[in-house]
>>> print(open('model.txt').read())   # compact mmCIF, C-alpha atoms and all ligand atoms
# COMPACT_ATOMS: atom_id res chain seq x y z
CA MET O 1 -23.55 -5.42 10.14
CA GLN O 2 -23.44 -8.48 7.99
CA TYR O 3 -26.11 -9.11 5.40
CA ALA O 4 -26.09 -12.01 2.96
CA GLU O 5 -27.18 -9.57 0.27
CA LEU O 6 -26.44 -5.90 -0.02
CA PHE O 7 -27.65 -3.43 -2.64
CA ILE O 8 -25.98 -0.04 -2.75
CA HIS O 9 -27.90 2.19 -5.11
CA SER O 10 -28.56 5.70 -6.41
CA ALA O 11 -24.91 6.82 -6.20
CA HIS O 12 -24.53 10.23 -7.75
CA LEU O 13 -21.31 8.89 -9.26
CA MET O 14 -19.82 5.43 -9.09
CA ALA O 15 -16.19 4.95 -10.16
CA THR O 16 -15.88 1.28 -11.11
CA MET O 17 -12.27 1.13 -12.46
CA ARG O 18 -13.59 -1.63 -14.74
CA GLY O 19 -11.52 -3.17 -17.49
CA TYR O 20 -8.13 -3.26 -15.76
CA THR O 21 -8.17 -6.61 -14.03
CA GLU O 22 -5.81 -8.27 -16.50
CA ARG O 23 -3.36 -5.39 -16.78
CA PRO O 24 -2.84 -2.23 -14.73
CA ALA O 25 -3.89 1.07 -16.24
CA CYS O 26 -1.18 3.17 -17.85
CA GLY O 27 -0.94 6.27 -20.04
CA GLU O 28 -4.33 7.65 -20.99
CA GLY O 29 -5.92 4.55 -19.51
CA MET O 30 -5.17 5.94 -16.08
CA SER O 31 -8.05 8.39 -16.53
CA GLU O 32 -10.61 5.75 -17.56
CA ILE O 33 -12.26 5.17 -14.23
CA GLY O 34 -15.47 3.64 -15.59
CA LEU O 35 -17.90 6.20 -14.18
CA ILE O 36 -21.56 5.32 -13.84
CA GLU O 37 -24.12 7.97 -12.94
CA ASP O 38 -26.93 6.81 -10.65
CA GLY O 39 -24.71 3.80 -9.99
CA ALA O 40 -25.49 0.63 -8.10
CA VAL O 41 -23.68 -2.47 -6.95
CA ALA O 42 -25.15 -5.69 -5.59
CA ILE O 43 -23.18 -8.00 -3.29
CA ARG O 44 -23.98 -11.56 -2.23
CA ASP O 45 -21.97 -13.61 0.26
CA GLY O 46 -19.16 -11.08 0.23
CA LYS O 47 -18.76 -10.85 -3.54
CA ILE O 48 -20.01 -8.47 -6.18
CA ILE O 49 -22.79 -10.01 -8.27
CA ALA O 50 -24.00 -7.02 -10.30
CA VAL O 51 -22.82 -3.53 -11.24
CA GLY O 52 -24.57 -0.90 -13.33
CA THR O 53 -27.09 1.89 -13.06
CA THR O 54 -29.66 1.56 -10.30
CA GLU O 55 -32.29 0.74 -12.90
CA GLU O 56 -30.15 -1.91 -14.60
CA VAL O 57 -29.28 -3.71 -11.40
CA ARG O 58 -32.88 -3.63 -10.18
CA ALA O 59 -34.12 -4.89 -13.57
CA GLY O 60 -31.58 -7.72 -13.44
CA GLY O 61 -33.52 -9.29 -10.58
CA TRP O 62 -30.58 -9.10 -8.23
CA VAL O 63 -32.50 -7.43 -5.43
CA GLY O 64 -34.65 -9.74 -3.34
CA PRO O 65 -36.98 -9.17 -0.37
CA ASP O 66 -34.19 -9.89 2.13
CA THR O 67 -31.59 -7.68 0.47
CA MET O 68 -30.28 -4.88 2.67
CA GLN O 69 -30.61 -1.67 0.65
CA ILE O 70 -28.37 1.34 1.15
CA SER O 71 -28.92 4.61 -0.68
CA ALA O 72 -25.82 6.51 -1.79
CA LYS O 73 -27.87 9.41 -3.12
CA GLY O 74 -25.75 12.50 -3.57
CA LYS O 75 -22.58 10.53 -2.74
CA VAL O 76 -19.65 9.06 -4.63
CA VAL O 77 -19.06 5.29 -4.57
CA THR O 78 -15.63 3.74 -5.22
CA PRO O 79 -13.80 0.48 -4.59
CA GLY O 80 -12.04 0.26 -1.22
CA PHE O 81 -8.57 1.77 -1.30
CA VAL O 82 -5.68 -0.65 -1.63
CA ASP O 83 -2.52 0.44 0.21
CA PRO O 84 0.34 -1.53 -1.41
CA HIS O 85 3.34 -0.31 0.63
CA THR O 86 3.37 -0.10 4.42
CA HIS O 87 5.62 -0.84 7.37
CA VAL O 88 2.59 -0.91 9.65
CA LEU O 89 3.75 -3.66 12.06
CA TYR O 90 5.92 -2.22 14.83
CA ALA O 91 5.92 -1.00 18.41
CA GLY O 92 6.73 2.51 19.56
CA SER O 93 7.05 5.76 17.64
CA ARG O 94 9.78 8.24 16.69
CA GLU O 95 8.46 11.71 17.44
CA ASN O 96 11.65 12.22 19.47
CA GLU O 97 13.45 12.49 16.10
CA LEU O 98 11.35 15.46 15.04
CA SER O 99 13.73 18.03 16.52
CA LEU O 100 16.65 16.46 14.60
CA LYS O 101 14.59 16.52 11.45
CA LEU O 102 13.71 20.17 11.99
CA LYS O 103 17.39 20.97 12.40
CA GLY O 104 17.92 19.43 8.99
CA VAL O 105 19.62 16.18 10.03
CA PRO O 106 19.04 13.83 7.05
CA TYR O 107 17.02 10.63 7.40
CA LEU O 108 20.01 8.37 6.69
CA GLU O 109 22.20 10.31 9.14
CA ILE O 110 19.72 9.57 11.94
CA LEU O 111 19.92 5.90 10.95
CA LYS O 112 23.74 6.01 10.95
CA GLN O 113 23.65 7.34 14.50
CA GLY O 114 21.70 4.25 15.55
CA GLY O 115 18.29 5.94 15.41
CA GLY O 116 15.67 5.73 12.67
CA ILE O 117 14.83 2.17 11.64
CA LEU O 118 17.21 0.79 14.30
CA SER O 119 15.32 2.66 17.01
CA THR O 120 12.07 0.97 15.90
CA VAL O 121 13.88 -2.37 15.74
CA ARG O 122 14.74 -1.92 19.45
CA SER O 123 11.26 -0.83 20.54
CA THR O 124 9.68 -3.68 18.60
CA LYS O 125 12.08 -6.22 20.10
CA GLN O 126 11.26 -5.02 23.63
CA ALA O 127 7.50 -5.23 23.11
CA THR O 128 5.42 -8.34 23.67
CA ASP O 129 3.50 -9.91 20.80
CA GLU O 130 0.30 -8.58 22.33
CA GLU O 131 1.66 -5.05 22.54
CA ILE O 132 2.82 -5.08 18.91
CA LYS O 133 -0.52 -6.45 17.79
CA ALA O 134 -2.55 -3.99 19.83
CA GLN O 135 -0.59 -1.01 18.48
CA THR O 136 -0.79 -2.30 14.92
CA LYS O 137 -4.52 -3.02 15.21
CA ARG O 138 -5.13 0.60 16.10
CA ARG O 139 -3.31 1.71 12.96
CA LEU O 140 -5.20 -0.80 10.83
CA GLN O 141 -8.46 0.43 12.34
CA THR O 142 -7.54 4.00 11.37
CA MET O 143 -6.70 2.82 7.85
CA LEU O 144 -10.06 1.08 7.59
CA SER O 145 -11.93 4.14 8.84
CA MET O 146 -10.24 6.12 6.06
CA GLY O 147 -11.27 3.68 3.37
CA THR O 148 -8.39 1.22 3.06
CA THR O 149 -9.70 -2.33 2.73
CA THR O 150 -6.54 -4.20 1.65
CA VAL O 151 -3.02 -3.45 2.84
CA GLU O 152 0.46 -4.77 2.21
CA ALA O 153 2.53 -5.14 5.39
CA LYS O 154 6.30 -5.53 5.48
CA SER O 155 8.49 -7.07 8.11
CA GLY O 156 11.84 -5.34 8.59
CA TYR O 157 11.88 -4.19 12.21
CA GLY O 158 13.34 -7.51 13.32
CA LEU O 159 16.46 -7.88 11.17
CA MET O 160 17.49 -11.11 12.94
CA VAL O 161 15.88 -14.23 11.55
CA GLU O 162 13.80 -15.13 14.62
CA ASP O 163 12.53 -11.54 14.92
CA GLU O 164 11.64 -11.35 11.24
CA ILE O 165 9.77 -14.66 11.49
CA ARG O 166 7.99 -13.32 14.56
CA ALA O 167 6.94 -10.20 12.64
CA LEU O 168 5.59 -12.19 9.71
CA ARG O 169 3.70 -14.52 12.06
CA LEU O 170 2.12 -11.52 13.75
CA ILE O 171 1.12 -10.15 10.35
CA ARG O 172 -0.55 -13.48 9.61
CA GLU O 173 -2.37 -13.44 12.96
CA LEU O 174 -3.51 -9.87 12.41
CA ASP O 175 -4.79 -10.78 8.97
CA ARG O 176 -7.05 -13.31 10.67
CA GLU O 177 -8.03 -11.22 13.69
CA GLN O 178 -9.23 -8.02 12.08
CA VAL O 179 -11.21 -6.83 9.09
CA LEU O 180 -8.58 -5.62 6.62
CA ASP O 181 -6.87 -8.12 4.34
CA LEU O 182 -3.09 -8.08 4.81
CA VAL O 183 -0.53 -9.09 2.19
CA PRO O 184 2.79 -10.09 3.81
CA THR O 185 6.19 -8.96 2.53
CA PHE O 186 9.56 -10.06 3.92
CA MET O 187 11.93 -7.12 4.20
CA GLY O 188 14.83 -8.38 6.27
CA ALA O 189 17.05 -6.16 4.14
CA HIS O 190 15.67 -2.98 5.66
CA ALA O 191 18.82 -1.78 7.48
CA VAL O 192 22.21 -3.22 8.36
CA PRO O 193 22.22 -3.94 12.11
CA PRO O 194 25.17 -2.94 14.32
CA GLY O 195 28.05 -5.41 14.23
CA TYR O 196 27.58 -6.39 10.59
CA SER O 197 29.08 -5.08 7.39
CA GLU O 198 26.65 -4.69 4.50
CA GLU O 199 28.17 -7.74 2.84
CA GLU O 200 27.97 -9.89 5.96
CA PHE O 201 24.37 -8.95 6.55
CA THR O 202 23.48 -9.50 2.88
CA ASN O 203 24.96 -13.00 3.16
CA TYR O 204 22.93 -13.55 6.33
CA VAL O 205 19.71 -12.51 4.56
CA ILE O 206 20.48 -14.83 1.65
CA GLU O 207 21.79 -17.85 3.54
CA ASP O 208 19.91 -17.80 6.84
CA MET O 209 16.81 -15.73 6.54
CA LEU O 210 15.33 -16.24 3.09
CA PRO O 211 15.36 -20.06 3.11
CA LYS O 212 13.61 -20.16 6.51
CA ILE O 213 11.06 -17.50 5.61
CA ALA O 214 10.29 -19.28 2.34
CA ALA O 215 10.07 -22.68 4.04
CA GLU O 216 7.50 -21.36 6.53
CA GLY O 217 5.45 -19.82 3.72
CA LEU O 218 5.15 -16.63 5.72
CA ALA O 219 5.71 -14.08 2.98
CA GLU O 220 4.38 -13.55 -0.49
CA PHE O 221 6.82 -10.81 -1.52
CA CYS O 222 10.43 -9.94 -0.80
CA ASP O 223 11.49 -6.28 -0.68
CA VAL O 224 14.88 -4.57 -0.24
CA PHE O 225 15.82 -1.03 0.81
CA CYS O 226 18.06 -0.46 -2.24
CA GLU O 227 19.71 2.85 -1.52
CA PRO O 228 23.33 4.05 -1.46
CA GLY O 229 24.44 3.74 2.17
CA VAL O 230 21.89 1.02 2.95
CA PHE O 231 21.86 -1.85 0.41
CA SER O 232 23.79 -1.33 -2.81
CA LEU O 233 22.58 -2.37 -6.24
CA GLU O 234 24.80 -5.47 -6.00
CA SER O 235 23.52 -6.55 -2.58
CA SER O 236 19.92 -5.84 -3.58
CA GLU O 237 20.27 -7.87 -6.76
CA ARG O 238 21.77 -10.84 -4.90
CA ILE O 239 18.98 -10.81 -2.32
CA LEU O 240 16.20 -10.47 -4.86
CA LEU O 241 17.62 -13.20 -7.11
CA LYS O 242 17.67 -15.58 -4.15
CA ALA O 243 14.11 -14.60 -3.24
CA LYS O 244 13.02 -15.28 -6.81
CA GLU O 245 14.66 -18.70 -6.71
CA LEU O 246 12.56 -19.39 -3.59
CA ASN O 247 9.39 -18.37 -5.44
CA LEU O 248 8.82 -15.10 -3.65
CA LYS O 249 7.49 -12.22 -5.74
CA LEU O 250 9.70 -9.16 -5.88
CA LYS O 251 9.45 -5.53 -4.82
CA MET O 252 12.09 -2.89 -4.40
CA HIS O 253 12.57 0.41 -2.56
CA ALA O 254 14.34 2.18 -5.41
CA ASP O 255 15.86 5.62 -5.99
CA GLU O 256 14.25 7.12 -2.89
CA LEU O 257 16.97 9.44 -1.65
CA ASP O 258 19.70 9.20 -4.27
CA SER O 259 19.75 8.37 -7.96
CA ALA O 260 21.72 5.16 -8.25
CA GLY O 261 20.16 3.05 -10.95
CA GLY O 262 17.48 1.50 -8.74
CA ALA O 263 14.77 1.79 -11.39
CA GLU O 264 17.08 0.21 -13.98
CA LEU O 265 17.76 -2.73 -11.64
CA ALA O 266 14.04 -3.10 -10.87
CA ALA O 267 13.36 -3.38 -14.61
CA LYS O 268 16.24 -5.80 -15.15
CA LEU O 269 14.93 -8.10 -12.39
CA GLY O 270 11.33 -7.76 -13.57
CA VAL O 271 10.02 -6.91 -10.10
CA ILE O 272 6.27 -6.43 -9.73
CA SER O 273 6.73 -2.97 -8.28
CA ALA O 274 9.47 -0.41 -7.80
CA ASP O 275 8.62 1.96 -4.98
CA HIS O 276 9.48 5.61 -4.17
CA LEU O 277 11.44 6.49 -7.37
CA LEU O 278 11.95 10.16 -6.44
CA GLN O 279 15.32 10.16 -8.10
CA ALA O 280 14.59 7.75 -10.96
CA SER O 281 16.43 8.66 -14.17
CA ASP O 282 14.85 9.04 -17.59
CA ASP O 283 16.43 5.75 -18.65
CA GLY O 284 15.13 4.12 -15.49
CA ILE O 285 11.58 5.33 -16.18
CA ALA O 286 11.79 4.10 -19.78
CA ALA O 287 13.02 0.72 -18.56
CA LEU O 288 10.15 0.42 -16.06
CA ALA O 289 7.68 1.16 -18.87
CA ARG O 290 9.24 -1.48 -21.14
CA GLN O 291 9.05 -4.15 -18.45
CA GLY O 292 5.58 -3.18 -17.17
CA VAL O 293 6.92 -2.60 -13.66
CA ILE O 294 4.43 -0.71 -11.50
CA ALA O 295 5.72 2.50 -9.91
CA VAL O 296 4.37 2.69 -6.36
CA LEU O 297 4.66 6.36 -5.44
CA LEU O 298 4.69 7.52 -1.82
CA PRO O 299 4.15 11.27 -1.68
CA GLY O 300 3.51 11.15 2.08
CA THR O 301 7.20 10.38 2.49
CA SER O 302 8.39 13.36 0.43
CA PHE O 303 5.99 15.50 2.42
CA ASN O 304 7.06 14.17 5.80
CA LEU O 305 10.77 14.34 5.01
CA ALA O 306 10.08 17.96 3.94
CA LYS O 307 11.81 17.19 0.67
CA ASN O 308 10.22 19.80 -1.57
CA SER O 309 10.73 17.28 -4.32
CA TYR O 310 8.40 14.57 -5.47
CA ALA O 311 8.56 11.62 -7.84
CA ARG O 312 8.13 12.57 -11.50
CA ALA O 313 4.74 10.99 -11.86
CA ARG O 314 3.79 12.91 -15.02
CA ALA O 315 6.90 11.67 -16.80
CA MET O 316 6.02 8.15 -15.69
CA VAL O 317 2.43 8.36 -16.94
CA LEU O 318 3.66 9.83 -20.21
CA ALA O 319 6.21 7.03 -20.59
CA GLY O 320 3.50 4.42 -20.00
CA VAL O 321 4.53 3.28 -16.53
CA PRO O 322 1.51 2.09 -14.50
CA VAL O 323 1.44 4.29 -11.40
CA ALA O 324 0.10 3.21 -7.99
CA LEU O 325 -0.09 5.09 -4.67
CA ALA O 326 0.57 4.04 -1.09
CA THR O 327 0.95 5.57 2.36
CA ASP O 328 4.36 4.01 3.22
CA SER O 329 2.85 4.06 6.73
CA ASN O 330 5.87 3.83 9.05
CA PRO O 331 7.10 5.54 12.22
CA GLY O 332 9.98 7.38 10.56
CA SER O 333 9.33 8.88 7.16
CA SER O 334 5.54 8.62 6.87
CA PRO O 335 3.64 8.31 10.14
CA THR O 336 0.16 8.28 8.61
CA GLU O 337 -2.57 5.80 7.80
CA SER O 338 -4.52 8.07 5.48
CA MET O 339 -5.01 7.21 1.82
CA PRO O 340 -7.23 10.31 1.35
CA LEU O 341 -4.25 12.46 2.37
CA ILE O 342 -2.07 10.57 -0.12
CA LEU O 343 -4.61 11.30 -2.86
CA THR O 344 -4.41 15.02 -2.05
CA LEU O 345 -0.61 15.00 -2.13
CA ALA O 346 -0.67 12.97 -5.34
CA CYS O 347 -2.78 15.58 -7.10
CA LEU O 348 -1.02 18.66 -5.76
CA TYR O 349 2.59 17.48 -5.91
CA LEU O 350 2.70 14.46 -8.22
CA ARG O 351 0.36 16.36 -10.53
CA LEU O 352 -1.94 13.42 -11.07
CA THR O 353 -5.53 14.23 -11.94
CA PRO O 354 -8.18 13.06 -9.43
CA GLU O 355 -9.10 10.27 -11.86
CA GLU O 356 -5.49 9.10 -12.22
CA ALA O 357 -4.95 9.28 -8.47
CA LEU O 358 -8.03 7.17 -7.79
CA MET O 359 -6.91 4.62 -10.37
CA ALA O 360 -3.50 4.57 -8.73
CA ALA O 361 -5.02 4.01 -5.27
CA THR O 362 -7.35 1.18 -6.28
CA ILE O 363 -6.84 -1.16 -9.25
CA ASN O 364 -3.20 -0.27 -9.91
CA SER O 365 -2.39 -0.71 -6.21
CA ALA O 366 -4.15 -4.05 -6.32
CA HIS O 367 -1.87 -5.07 -9.21
CA ALA O 368 1.17 -3.96 -7.22
CA ILE O 369 0.35 -6.64 -4.61
CA ASP O 370 -0.94 -9.19 -7.12
CA ARG O 371 -4.54 -8.94 -5.90
CA ALA O 372 -6.19 -7.43 -8.97
CA ASP O 373 -8.20 -10.62 -9.45
CA GLN O 374 -9.91 -9.97 -6.09
CA VAL O 375 -9.96 -6.25 -5.34
CA GLY O 376 -9.38 -2.77 -6.76
CA SER O 377 -12.48 -2.43 -8.94
CA LEU O 378 -16.23 -2.81 -8.78
CA GLU O 379 -16.71 -5.74 -11.12
CA VAL O 380 -18.65 -8.98 -10.90
CA GLY O 381 -16.74 -11.68 -9.01
CA LYS O 382 -14.56 -9.34 -6.99
CA LEU O 383 -14.80 -8.90 -3.24
CA GLY O 384 -17.53 -6.58 -2.04
CA ASP O 385 -15.08 -3.92 -0.85
CA VAL O 386 -16.89 -0.64 -1.40
CA LEU O 387 -16.69 2.94 -0.10
CA ILE O 388 -19.44 5.50 0.12
CA LEU O 389 -17.76 8.89 0.15
CA ASP O 390 -19.61 11.92 1.44
CA ILE O 391 -18.41 14.18 -1.36
CA PRO O 392 -20.38 15.82 -4.18
CA ASN O 393 -17.97 14.94 -7.01
CA LEU O 394 -14.57 13.39 -7.62
CA ASN O 395 -12.56 16.63 -7.57
CA TYR O 396 -13.72 17.17 -4.02
CA LEU O 397 -11.81 14.09 -2.83
CA PRO O 398 -8.26 15.52 -3.20
CA TYR O 399 -9.48 19.10 -2.89
CA HIS O 400 -10.77 19.01 0.67
CA PHE O 401 -7.94 17.66 2.78
CA GLY O 402 -7.21 16.80 6.36
CA SER O 403 -10.62 15.38 7.14
CA ASN O 404 -12.12 12.02 6.40
CA PRO O 405 -14.42 11.83 3.36
CA VAL O 406 -15.42 8.22 4.08
CA GLU O 407 -19.02 7.81 5.22
CA MET O 408 -19.30 4.06 4.91
CA VAL O 409 -16.85 1.19 4.44
CA ILE O 410 -18.10 -2.16 3.22
CA LYS O 411 -15.57 -5.00 3.45
CA ARG O 412 -16.46 -8.33 1.86
CA GLY O 413 -20.07 -7.24 1.81
CA THR O 414 -20.14 -6.31 5.48
CA VAL O 415 -20.75 -2.75 6.65
CA VAL O 416 -17.73 -2.19 8.90
CA LYS O 417 -17.87 1.57 9.29
CA HIS O 418 -20.88 3.82 9.19
CA TYR O 419 -20.97 7.46 10.25
O1 LIG C 1 11.09 3.14 9.80
O2 LIG C 1 12.08 4.65 8.62
N1 LIG C 1 12.14 4.26 4.42
N2 LIG C 1 12.14 2.42 5.53
C1 LIG C 1 12.64 2.97 4.36
C2 LIG C 1 11.45 3.25 6.23
C3 LIG C 1 11.43 4.44 5.53
C4 LIG C 1 10.80 2.96 7.50
C5 LIG C 1 11.36 3.64 8.70
ZN ZN C 2 8.97 1.69 2.58
>>> encode(input="model.txt", output="structure tokens", more="lines below")
Ligand code: IZC
Ligand code: ZN
Amino acid sequence: MQYAELFIHSAHLMATMRGYTERPACGEGMSEIGLIEDGAVAIRDGKIIAVGTTEEVRAGGWVGPDTMQISAKGKVVTPGFVDPHTHVLYAGSRENELSLKLKGVPYLEILKQGGGILSTVRSTKQATDEEIKAQTKRRLQTMLSMGTTTVEAKSGYGLMVEDEIRALRLIRELDREQVLDLVPTFMGAHAVPPGYSEEEFTNYVIEDMLPKIAAEGLAEFCDVFCEPGVFSLESSERILLKAKELNLKLKMHADELDSAGGAELAAKLGVISADHLLQASDDGIAALARQGVIAVLLPGTSFNLAKNSYARARAMVLAGVPVALATDSNPGSSPTESMPLILTLACLYLRLTPEEALMAATINSAHAIDRADQVGSLEVGKLGDVLILDIPNLNYLPYHFGSNPVEMVIKRGTVVKHY
């Protein structure tokens, strides 16, 4: 339901994440979630106009006779989750690869055999625009129901220029046709298609794809799967330098499966975020901290690849790297839409505290997609993207897993989900 004015009040706890709009939280700052007891937030025309205790906001005269009032008594209120790393646009699925996975066939071996990413490239190519959109809308709807209100979406299941442009156009259409806000990333360098050497395909990305993508204004970020056996440090650097020249902002899949200096390159290029980082070296982590690169960690991927090893988030927090969290939602290594699950994995296996994990999933994620001026915290002027969680305290959020803690989702001041 849409109301011009909305007043959410009496929250047992409200985590505002205030104070980190200019810079992401790092170090001890990652625990400063700006808690307000008996919290309230007022929204007008889709934007937050007041935040404080229930008494303060009422006394401020923000609540009029026509204001829709919602009690969050006994509940926890947070900003909507921001999911800053997904491959959510595709057709098909890859459950047929489960038996290979269970036999221990590595992720990159499945890709080498023409499966993995290339299998999704084929199923996406065969699908109509409407089919791709319908399948993606269902995933976005699941994300929304689990509290995600802003999501980054990568291309990368096209690989040829016309298919990549198609993917980015569909992302733009989906942004307009459904509730979640989508942030588009070009990731033509996701896999090397059959018939190309890595160098030939890298040249193709640089000479044919990037100029067209940039000219159409279809993407805000450029990302590369920088990984030994996929795109080398050299190829990744060439692609990202070209993207920078064309005014795209930079991201990098770095040090996911093998340690190869991905974090160091991310720091050298000054990317906004370096993602995965399971195998990042100590020097790499120090370099990320020096450059203020955000580490987007994806524990759902470690979990789903049955890695038994996770990114060294504690070392990153200690070094002063701002940490963010994402689902990596994709049909191969992380077939999930659930940020609450990611928060659980982040606490249990990345060893983040519930406060740090929430920071990582809201304002720091917003920074990772350059949206911190609009979302990620409950502060005056930001979008009215608010969650009411049916949990008694913050620890309960990662503690109780596998079900959905979200009772109500408010997107731009509109109640879009209500159980
Ligand atoms: O479809 O496997 N890691 N890209 C890099 C992916 C996972 C997506 C996929
Ligand atoms: Zn990814």
>>> residues_near_ligand(input="model.txt", ligand="ligand LIG 1 (chain C)", cutoff="8 Å", atoms="only C-alpha atoms and all ligand atoms", output="list in words")
His87, Tyr107, Gly116, Ile117, Leu118, Thr120, Tyr157, His190, Phe225, His253, Thr301, Asp328, Asn330, Pro331, Gly332, Ser333 and Ser334 of chain O
>>> write_last_selection(input="model.txt", atoms="C-alpha atoms", output="PDB file, in the frame of the given file")
ATOM      1  CA  HIS O  87       5.620  -0.840   7.370  1.00  0.00           C
ATOM      2  CA  TYR O 107      17.020  10.630   7.400  1.00  0.00           C
ATOM      3  CA  GLY O 116      15.670   5.730  12.670  1.00  0.00           C
ATOM      4  CA  ILE O 117      14.830   2.170  11.640  1.00  0.00           C
ATOM      5  CA  LEU O 118      17.210   0.790  14.300  1.00  0.00           C
ATOM      6  CA  THR O 120      12.070   0.970  15.900  1.00  0.00           C
ATOM      7  CA  TYR O 157      11.880  -4.190  12.210  1.00  0.00           C
ATOM      8  CA  HIS O 190      15.670  -2.980   5.660  1.00  0.00           C
ATOM      9  CA  PHE O 225      15.820  -1.030   0.810  1.00  0.00           C
ATOM     10  CA  HIS O 253      12.570   0.410  -2.560  1.00  0.00           C
ATOM     11  CA  THR O 301       7.200  10.380   2.490  1.00  0.00           C
ATOM     12  CA  ASP O 328       4.360   4.010   3.220  1.00  0.00           C
ATOM     13  CA  ASN O 330       5.870   3.830   9.050  1.00  0.00           C
ATOM     14  CA  PRO O 331       7.100   5.540  12.220  1.00  0.00           C
ATOM     15  CA  GLY O 332       9.980   7.380  10.560  1.00  0.00           C
ATOM     16  CA  SER O 333       9.330   8.880   7.160  1.00  0.00           C
ATOM     17  CA  SER O 334       5.540   8.620   6.870  1.00  0.00           C
TER      18      SER O 334
END
>>> residues_near_ligand(input="model.txt", ligand="ligand ZN 2 (chain C)", cutoff="12 Å", atoms="all atoms listed in the file", output="PyMOL selection string")
chain O and resi 83-88+117+152-157+185-187+189-191+223-227+251-257+274-277+296-302+326-335
>>> atom_distance(input="model.txt", atom1="atom CA of Tyr20 of chain O", atom2="atom CA of Ile285 of chain O")
21.5 Å
>>> residues_around(input="model.txt", residues="segment 402-411 of chain O", least_positions_apart="6", cutoff="6 Å", atoms="all atoms listed in the file", output="count of residues only")
10
>>> closest_residue(input="model.txt", among="O:Leu350, O:Thr336, O:Pro184, O:Pro211", to="Leu250 of chain O", atoms="all atoms listed in the file")
O:Pro184
>>> residues_near_point(input="model.txt", point="(-16.5, -10.5, -4.3)", cutoff="7 Å", atoms="all atoms listed in the file", output="list in words")
Gly46, Lys47, Ile48, Gln374, Gly381, Lys382, Leu383, Gly384 and Arg412 of chain O
>>> closest_residue(input="model.txt", among="O:Leu397, O:Ile342, O:Ala287, O:Ala219", to="Val183 of chain O", atoms="all atoms listed in the file")
O:Ala219
>>> closest_residue(input="model.txt", among="O:Thr148, O:Gln291, O:Thr142, O:Ser31", to="Arg18 of chain O", atoms="all atoms listed in the file")
O:Ser31
>>> residues_around(input="model.txt", residues="Leu6 of chain O", least_positions_apart="4", cutoff="6 Å", atoms="all atoms listed in the file", output="list in words")
Ala42, Ile43, Thr67, Met68 and Gln69 of chain O
>>> closest_residue(input="model.txt", among="O:Ile369, O:Leu325, O:Val41, O:Ala263", to="Ala357 of chain O", atoms="only C-alpha atoms")
O:Leu325
>>> closest_residue(input="model.txt", among="O:Phe401, O:Ala295, O:Met143, O:Leu378", to="Cys347 of chain O", atoms="all atoms listed in the file")
O:Phe401
>>> closest_residue(input="model.txt", among="O:Asp38, O:Glu173, O:Glu95, O:Asp282", to="Lys73 of chain O", atoms="only C-alpha atoms")
O:Asp38
>>> residues_around(input="model.txt", residues="segment 21-24 of chain O", least_positions_apart="3", cutoff="7 Å", atoms="all atoms listed in the file", output="list in words")
Pro322, Ile363, Asn364, His367, Ala372 and Asp373 of chain O
>>> atom_distance(input="model.txt", atom1="atom CA of Asp258 of chain O", atom2="atom CA of Ser309 of chain O")
12.1 Å
>>> axis_aligned_box(input="model.txt", around="segment 198-203 of chain O", padding_each_side="4 Å", output="AutoDock Vina command-line options")
--center_x 25.8 --center_y -8.8 --center_z 4.7 --size_x 12.7 --size_y 16.3 --size_z 11.7
>>> atom_distance(input="model.txt", atom1="atom CA of Ile70 of chain O", atom2="atom CA of His9 of chain O")
6.3 Å
>>> residues_around(input="model.txt", residues="Leu269 of chain O", least_positions_apart="5", cutoff="9 Å", atoms="all atoms listed in the file", output="list in words")
Glu237, Leu240, Leu241, Leu250 and Glu264 of chain O
>>> write_last_selection(input="model.txt", atoms="C-alpha atoms", output="compact mmCIF listing (two decimals), in the frame of the given file")
# COMPACT_ATOMS: atom_id res chain seq x y z
CA GLU O 237 20.27 -7.87 -6.76
CA LEU O 240 16.20 -10.47 -4.86
CA LEU O 241 17.62 -13.20 -7.11
CA LEU O 250 9.70 -9.16 -5.88
CA GLU O 264 17.08 0.21 -13.98
>>> residues_near_point(input="model.txt", point="(-5.2, 6.0, -2.8)", cutoff="6 Å", atoms="all atoms listed in the file", output="list in words")
Phe81, Leu325, Met339, Leu343, Leu358 and Ala361 of chain O
